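Below: the structure, in structure tokens.
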Amino acid sequence: MPMSLSGRSFLTLLDYTPEEMRYLLDLSTEFKRLKRNGVLHRHLTGKNIVLLFEKTSTRTRCSFEVAGADLGLSVTYLDAASSQMGKKESIADTARVLGGLYDGIEYRGFRQETVELLAEQSGVPVWNGLTDEFHPTQALADLMTIEEQFGRLKGMHVTYMGDARNNVANSLMIGCAKMGVHFTACAPKDLLPAAGLVKRCEEMAAQQGGSVRLTEDVDEGGKNADALYTDVWVSMGEPEQVWETRIKLLKPYQVNRAVIDNANDDVIFLHCLPSFHDRNTSIGEDIYAKFGLEEMEVTDEVFGSRHSKVFEQAENRMHTIKALMYATLS
């Protein structure tokens with residue numbers, strides 16, 4: 001029988017069992033098949049959801065809106081300027097209001113405590129589209145992409161290079177631990193994941209046949225990797241003043257040809273996007289003017305190579321989010 005996740009919120013992968021994650025990944029694959037074959041699946045017609053965005057996004061917003069339309073949902077988008085949440089109205093009061101109007105709430109913003117309070121007070125499923133601490137919908141898409149490319153998750157080796165204590169790395173580490181993947185965080189000492197979370201992930205990984213490893217050594221970290229993952233060196237919401245420090249710390253961790261050649265022959269490259277792999281953005285041009293860098297966390301050569309699966313990964317955001325909404329709203 002299908003697993004029931006009806007009424008559940010999705011705040012962090014720590015709250016979901018490996019079996020529940022397996023169900024969501026299988027459901028994502030099925031929805032992708034339906035989408036590719038043009039089969040309508042408007043299973044949630046008549047339901048309404050609201051997207052609360054304190055931090056802007058391309059992939060998260062579009063994924064929720066397209067997934068919602070495919071499922072027959074009515075979707076309302078509210079950015080920071082369109083809501084009184086936290087300004088004229090408390091988060092708790094906002095949660096109660098929205099919970100009375102909508103069947104589900106997505107939140108993308110800063111504090112993990114905010115999304116948890118929304119879930120506690122609204123009475124409807126709440127989905128974490130990103131906080132400073134976790135990015136669980138991204139991790140689901142990451143795992144789906146790895147499994148698509150290799151046919152399995154258990155026993156695979158995934159290396160995250162760069163700022164390994166950010167929200168993307170945290171959720172990826174949790175997801176890998178729960179699915180029996182060998183996860184390596186390769187980063188400077190000051191940018192490795194928090195010790196408490198690492199310990200929890202080590203325990204979960206041991207139960208599933210995986211492992212968690214931390215290293216500051218680029219050659220050691222990337223050797224024999226099946227998937228190499230990186231993210232921008234300065235996260236959304238951090239001040240511009242940290243760029244100089246981060247560049248000095250993380251330049252050795254750039255994913256370039258040498259890093260790819262050190263991994264397995266069929267290694268894939270993953271990135272949650274957007275990526276500064278060239279100067280074709282205002283930030284990229286500004287960094288070049290200040291620091292002389294034409295490429296940052298990944299070289300353009302790697303980004304455009306056969307190893308890169310970043311656009312498949314971006315598409316899978318929509319399929320996994322669709323599965324999540326269907327499973328929790330049905």
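Ordering of the structure tokens sets the chain letters (A, B, ...); residue numbers start at 1 within each chain; ligands are numbered from 1 in the order shown.
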
Using only C-alpha atoms, find each residue of stretch 204-302 of chain A with at least one atom at most 10 Å away from an atom of stretch 172-178 of chain A; report its shortest atom-to-atom pair and that distance in Å (one decimal), sort the rows by chain and rising residue number, and return the result as JSON lines.
```
{"residue": "A:Met204", "atom": "CA", "partner": "A:Ala177", "partner_atom": "CA", "distance": 5.6}
{"residue": "A:Ala205", "atom": "CA", "partner": "A:Ala177", "partner_atom": "CA", "distance": 4.1}
{"residue": "A:Ala206", "atom": "CA", "partner": "A:Ala177", "partner_atom": "CA", "distance": 7.9}
{"residue": "A:Gln207", "atom": "CA", "partner": "A:Lys178", "partner_atom": "CA", "distance": 8.3}
{"residue": "A:Gln208", "atom": "CA", "partner": "A:Lys178", "partner_atom": "CA", "distance": 6.5}
{"residue": "A:Gly209", "atom": "CA", "partner": "A:Ala177", "partner_atom": "CA", "distance": 8.6}
{"residue": "A:Gly210", "atom": "CA", "partner": "A:Ala177", "partner_atom": "CA", "distance": 6.2}
{"residue": "A:Ser211", "atom": "CA", "partner": "A:Ala177", "partner_atom": "CA", "distance": 6.7}
{"residue": "A:Val212", "atom": "CA", "partner": "A:Ala177", "partner_atom": "CA", "distance": 7.2}
{"residue": "A:Arg213", "atom": "CA", "partner": "A:Met173", "partner_atom": "CA", "distance": 10.0}
{"residue": "A:Tyr229", "atom": "CA", "partner": "A:Leu172", "partner_atom": "CA", "distance": 9.6}
```

Just to be explicit: take each residue in the selection above, keep all heavy atoms, and write the result as a short mmCIF file (atom, residue, chain, number, x, y, z; two decimals), in the first residue's frame.
```
data_model
loop_
_atom_site.label_atom_id
_atom_site.label_comp_id
_atom_site.auth_asym_id
_atom_site.auth_seq_id
_atom_site.Cartn_x
_atom_site.Cartn_y
_atom_site.Cartn_z
N MET A 204 23.15 8.02 11.79
CA MET A 204 22.16 7.60 10.79
C MET A 204 22.82 6.85 9.64
O MET A 204 22.31 5.84 9.16
CB MET A 204 21.40 8.82 10.27
CG MET A 204 20.52 9.51 11.30
SD MET A 204 19.55 10.89 10.65
CE MET A 204 20.83 12.09 10.26
N ALA A 205 23.98 7.34 9.20
CA ALA A 205 24.68 6.71 8.08
C ALA A 205 25.11 5.30 8.45
O ALA A 205 25.01 4.37 7.61
CB ALA A 205 25.89 7.55 7.69
N ALA A 206 25.59 5.10 9.66
CA ALA A 206 26.04 3.78 10.08
C ALA A 206 24.88 2.77 10.04
O ALA A 206 25.07 1.60 9.69
CB ALA A 206 26.62 3.85 11.50
N GLN A 207 23.68 3.22 10.36
CA GLN A 207 22.51 2.35 10.33
C GLN A 207 22.12 1.95 8.92
O GLN A 207 21.53 0.89 8.70
CB GLN A 207 21.33 3.04 11.02
CG GLN A 207 21.52 3.27 12.51
CD GLN A 207 20.40 4.11 13.10
OE1 GLN A 207 19.48 4.56 12.41
NE2 GLN A 207 20.46 4.34 14.41
N GLN A 208 22.47 2.80 7.94
CA GLN A 208 22.05 2.57 6.56
C GLN A 208 23.18 2.07 5.67
O GLN A 208 22.99 1.92 4.45
CB GLN A 208 21.46 3.87 5.97
CG GLN A 208 20.26 4.41 6.71
CD GLN A 208 19.10 3.42 6.73
OE1 GLN A 208 18.84 2.74 5.73
NE2 GLN A 208 18.41 3.32 7.86
N GLY A 209 24.37 1.85 6.23
CA GLY A 209 25.49 1.36 5.44
C GLY A 209 26.29 2.44 4.75
O GLY A 209 27.12 2.14 3.88
N GLY A 210 26.07 3.69 5.13
CA GLY A 210 26.82 4.80 4.56
C GLY A 210 27.85 5.31 5.54
O GLY A 210 28.19 4.64 6.53
N SER A 211 28.36 6.52 5.30
CA SER A 211 29.36 7.10 6.19
C SER A 211 29.40 8.61 5.99
O SER A 211 28.90 9.13 4.99
CB SER A 211 30.75 6.51 5.91
OG SER A 211 31.17 6.82 4.59
N VAL A 212 30.00 9.29 6.96
CA VAL A 212 30.22 10.73 6.89
C VAL A 212 31.70 10.98 7.18
O VAL A 212 32.23 10.49 8.18
CB VAL A 212 29.34 11.50 7.89
CG1 VAL A 212 29.70 12.98 7.89
CG2 VAL A 212 27.87 11.32 7.56
N ARG A 213 32.32 11.76 6.32
CA ARG A 213 33.75 12.04 6.47
C ARG A 213 33.98 13.53 6.29
O ARG A 213 33.37 14.16 5.43
CB ARG A 213 34.54 11.26 5.43
CG ARG A 213 36.05 11.48 5.48
CD ARG A 213 36.77 10.59 4.47
NE ARG A 213 36.35 10.85 3.10
CZ ARG A 213 37.18 10.83 2.04
NH1 ARG A 213 38.46 10.55 2.22
NH2 ARG A 213 36.71 11.07 0.84
N TYR A 229 29.86 18.13 -5.62
CA TYR A 229 28.83 19.14 -5.42
C TYR A 229 29.48 20.39 -4.85
O TYR A 229 30.35 20.32 -3.98
CB TYR A 229 27.80 18.60 -4.41
CG TYR A 229 26.44 19.26 -4.40
CD1 TYR A 229 25.29 18.50 -4.56
CD2 TYR A 229 26.30 20.64 -4.21
CE1 TYR A 229 24.03 19.08 -4.52
CE2 TYR A 229 25.05 21.22 -4.18
CZ TYR A 229 23.91 20.44 -4.33
OH TYR A 229 22.67 21.03 -4.30
#
```

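Within the 9 Å cut-off around A:Leu5, using only C-alpha atoms and omitting residues fewer than 6 positions from it on the same chain, the listed residues are Glu20, Leu324, Ala327, Thr328, Leu329 and Ser330 of chain A.
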
At most 8 Å is the cut-off: for each residue in stretch 141-241 of chain A with any atom that close to an atom of stretch 250-263 of chain A, write down the nearest atom pair and the distance in Å rounded to one decimal, counting only C-alpha atoms, chain first then increasing number, as JSON lines.
```
{"residue": "A:Met161", "atom": "CA", "partner": "A:Tyr253", "partner_atom": "CA", "distance": 6.0}
{"residue": "A:Gly162", "atom": "CA", "partner": "A:Tyr253", "partner_atom": "CA", "distance": 5.7}
{"residue": "A:Asp163", "atom": "CA", "partner": "A:Leu250", "partner_atom": "CA", "distance": 7.6}
{"residue": "A:Cys186", "atom": "CA", "partner": "A:Tyr253", "partner_atom": "CA", "distance": 7.9}
{"residue": "A:Ala187", "atom": "CA", "partner": "A:Tyr253", "partner_atom": "CA", "distance": 7.1}
{"residue": "A:Pro188", "atom": "CA", "partner": "A:Leu250", "partner_atom": "CA", "distance": 7.3}
{"residue": "A:Val218", "atom": "CA", "partner": "A:Tyr253", "partner_atom": "CA", "distance": 6.5}
{"residue": "A:Asp219", "atom": "CA", "partner": "A:Asn262", "partner_atom": "CA", "distance": 7.0}
{"residue": "A:Gly222", "atom": "CA", "partner": "A:Ala263", "partner_atom": "CA", "distance": 5.7}
{"residue": "A:Lys223", "atom": "CA", "partner": "A:Ala263", "partner_atom": "CA", "distance": 4.8}
{"residue": "A:Asn224", "atom": "CA", "partner": "A:Ala263", "partner_atom": "CA", "distance": 4.3}
{"residue": "A:Ala225", "atom": "CA", "partner": "A:Ala263", "partner_atom": "CA", "distance": 4.8}
{"residue": "A:Asp226", "atom": "CA", "partner": "A:Ala263", "partner_atom": "CA", "distance": 6.9}
{"residue": "A:Leu228", "atom": "CA", "partner": "A:Val255", "partner_atom": "CA", "distance": 8.0}
{"residue": "A:Thr230", "atom": "CA", "partner": "A:Val255", "partner_atom": "CA", "distance": 7.5}
{"residue": "A:Trp233", "atom": "CA", "partner": "A:Leu250", "partner_atom": "CA", "distance": 7.2}
```

- Item | Option closest in space to A:Cys201, from A:Glu30, A:Gly237, A:Leu13, A:Glu65 [counting only C-alpha atoms] |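 Under the stated criterion, the closest residue is A:Leu13.
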
- Message: Between A:Ala227, A:Ala169, A:Leu27, A:Leu44, which residue has the minimum interatomic distance to A:His182, considering only C-alpha atoms?
- Response: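 With only C-alpha atoms as the atom set, the closest residue is A:Ala227.
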
- Distance criterion (only C-alpha atoms): nearest to A:Ile105 out of A:Ser171, A:Ser4, A:Ser275, A:Asn128: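 Using only C-alpha atoms, the shortest distance to A:Ile105 belongs to A:Asn128.
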
- Message: Restricting the calculation to only C-alpha atoms: of A:Glu106, A:Glu147, A:Glu240, A:Glu220, which residue gets closest to A:Ile49?
- Response: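 Among the listed residues, A:Glu106 lies closest to A:Ile49.
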
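The space separating atom CA of A:Tyr102 from atom CA of A:Asn48 comes to 5.2 Å.
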
- Note on the structure: Nearest to A:Glu244, restricted to only C-alpha atoms and choosing among A:Asp231, A:Phe291, A:Ser74, A:Leu214, comes out as A:Phe291

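The nearest approach to A:Ala80 among the residues A:Ala139, A:Leu52, A:Val198, A:Ala67, with only C-alpha atoms taken into account, belongs to A:Leu52.
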
- Could you tell me how far atom CA of A:Phe150 lies from atom CA of A:Gly221, in Å and to one decimal? 20.2 Å

- Task: Give me, please, the distance in Å between atom CA of A:Leu249 and atom CA of A:Asp132, quoted to one decimal.
- Result: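 Interatomic distance, atom CA of A:Leu249 to atom CA of A:Asp132: 20.5 Å.
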
- Task: Output as a list of chain:residue names all residues of stretch 167-258 of chain A that backbone DSSP marks as strand (DSSP E).
- Result: A:His182, A:Phe183, A:Thr184, A:Ala185, A:Cys186, A:Ser211, A:Val212, A:Arg213, A:Leu214, A:Thr215, A:Ala227, A:Leu228, A:Tyr229, A:Thr230
